[in-house]
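Trainee: Supplied in structure tokens, the structure appears directly below.
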Amino acid sequence: MAVQDRLDDLRTRFKGCDIAAFGDLSTGLVFAASTSKKVEQEHLDALCQQAKEHLCGQTAQHLSKQLFDNQRAPFGAISIVRGSAICYLKSLEVDNEALFLVCDLATPLVEIMEAATAVLTDLVNEA
Amino acid sequence: MSDGHSDDERRLITVLEQLGREPAPCTEAGRLIFEGDDGGLAAVLSQIDQTVLPRRLSFCDGDGRSLICDVVERRIMKIAGAGNVLSKEEAFRISQKLERFCDAASVIYLRSEILSDMHSSGDIGLSTADLKLHLADRRTAADVSALIEASLSQSESYALAIVDHHADGSMHQNGQSRLCEILREMCAPSAGEPEADQQGSPTHQIWIGSPGDGHAVLHVSLIGRHIWIVFEVENLERCVETWAHLA
């Protein structure tokens with residue numbers, strides 16, 4: 001299945017999900033995105049930059065060393081911003097590849113993070 | 001005596017305004033009381049506030065989600081899925097439930113049916129005034145502070161560790177000592193941490209360990225205050241529900 005199809009499938013499976021995007025944390029660029037409304041590329045790339053801050057920043061590094069078992073950057077992060085949850089997921093296989101989701105707070109977050117993990121694993125393995 | 005409108009005056013003004021309007025269309029889902037992006041919550045609260053005789057009000061969003069309230073004398077006595085007769089202590093939880101339902105709805109329909117066996121004594125149930133204390137558009141600094149304390153209190157039921165750090169250097173901690181120690185180290189100010197935004201709105205950030213790790217960390221950043229909570233990933237939605245109303 002193509003990257004775009006996988007992202008479309010993931011986003012439409014969850015009613016409250018508006019954006020599902022796949023990008024590279026090292027360059028801060030989004031490769032592909034599925035959105036419920038038109039979203040500018042700059043906005044998507046900004047999402048990627050935020051993901052880098054949240055997943056690789058100072059706090060994330062500290063938590064990885066002190067709390068999380070794997071001694072790597074956290075696998076996931078969520079920002080809650082005015083009624084929306086922005087979820088960032090980092091690949092466990094390839095350090096820089098990540099998936100981003102923007103969804104409303106009624107979305108089952110554990111479920112969507114699990115589904116997104118499966119999609120991210122497939123995308124990385126197929127690359 | 002205050003020059004402001006009393007609650008009864010406000011209700012009268014609302015009723016008079018409605019008399020001049022076209023009747024709302026009725027559908028299979030009920031009478032349309034709201035359509036659009038903003039104002040669903042006000043429409044629902046208004047219906048509750050106008051209900052004096054015992055009624056079951058069924059609000060439906062047209063997508064199959066519904067909120068069913070038993071109302072008498074302008075007070076919600078019961079809400080489907082929320083157990084027994086409501087009390088003021090539950091105003092926070094119920095206001096969140098109402099907000100979530102209304103925020104996700106672009107249309108709201110109402111069905112009303114008569115209830116014969118419900119009474120109010122005035123000190124049970126929840127009035128719209130009780131709820132408004134907890135709703136976003138009515139918040140004062142004191143309300144926000146009360147909400148934070150309520151959220152902290154709720155978090156104690158699932159948190160493994162909580163550290164609440166104030167700008168004056170005071171710190172409260174609760175839970176496993178090793179985890180509290182890690183969280184205390186996080187309280188040193190650093191450029192990488194998200195801060196409350198310029199309007200003073202709290203920022204919320206959650207970090208999740210890799211699958212199998214099982215831990216997650218919430219950071220709530222307010223002006224002059226940082227709250228850190230470690231919890232198990234399985235409680236993620238509970239944690240978001242507890243804190244999202246502050247975002």
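Identifiers for the structure tokens are assigned positionally: chains receive A, B, ... in sequence, residues are indexed from 1 per chain, and ligands are indexed from 1 in the order shown.
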Skip Ala98 in chain A itself and residues of its chain fewer than 6 positions away, then list as a PyMOL selection string all residues within 9 Å of it, counting only C-alpha atoms.

Mentor: chain A and resi 21-25+48+51+88-91+120

Trainee: Within 9 Å of chain A, which residues of chain B show up when using only C-alpha atoms, listed as a PyMOL selection string?

Mentor: chain B and resi 100-101+103-104+179+182-183+185-186+190-193+203-217+233-237+240-241+244-247

Trainee: I need the residue nearest Gln49 in chain A from this list: A:Ala115, A:Lys65, A:Ser26, A:Ala33. Use only C-alpha atoms for the distance.

Mentor: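 Of A:Ala115, A:Lys65, A:Ser26, A:Ala33, the one nearest Gln49 in chain A, counting only C-alpha atoms, is A:Ser26.
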
Trainee: So how many Å separate CA of Leu135 in chain B and CA of Ser46 in chain B, to one decimal?

Mentor: 14.1 Å

Trainee: Residues within 12 Å of range 142-155 of chain B, please, as a ChimeraX atom specification. Count only C-alpha atoms; anything in the same chain fewer than 2 positions from it doesn't count.

Mentor: /B:89-93,95-96,131-140,157-164,172-175,200-202,218,220-223,225-232,235-247

Trainee: In Å, rounded to a single decimal, give me how far CA of Val39 in chain A is from CA of Leu101 in chain A.

Mentor: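 Going from CA of Leu101 in chain A over to CA of Val39 in chain A covers 13.1 Å.
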
Trainee: Please, what distance in Å, to one decimal, runs between CA of Met171 in chain B and CA of His219 in chain B?

Mentor: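 Atom-to-atom, CA of Met171 in chain B to CA of His219 in chain B, that is 14.7 Å.
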
Trainee: With distances taken over only C-alpha atoms, which of A:Gln4, A:Val102, A:Ile112, A:Thr121 is nearest to His43 in chain A?

Mentor: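 Nearest candidate to His43 in chain A out of A:Gln4, A:Val102, A:Ile112, A:Thr121: A:Val102.
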
Trainee: Just checking: using only C-alpha atoms, which residue out of A:Leu44, A:Arg13, A:Asn96, A:Ala2 ends up closest to Thr27 in chain A?

Mentor: A:Asn96

Trainee: Identify all residues of range 92-243 of chain B in alpha helix (DSSP H) (DSSP on the backbone) and supply them as a PyMOL selection string.

Mentor: chain B and resi 92-103+128-132+141-155+177-186+236-243

Trainee: Nearest residue to Glu40 in chain A out of A:Gly28, A:Val124, A:Ile19, A:Ala116, using only C-alpha atoms?

Mentor: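 Residue with the minimum atom-to-atom distance to Glu40 in chain A: A:Ile19.
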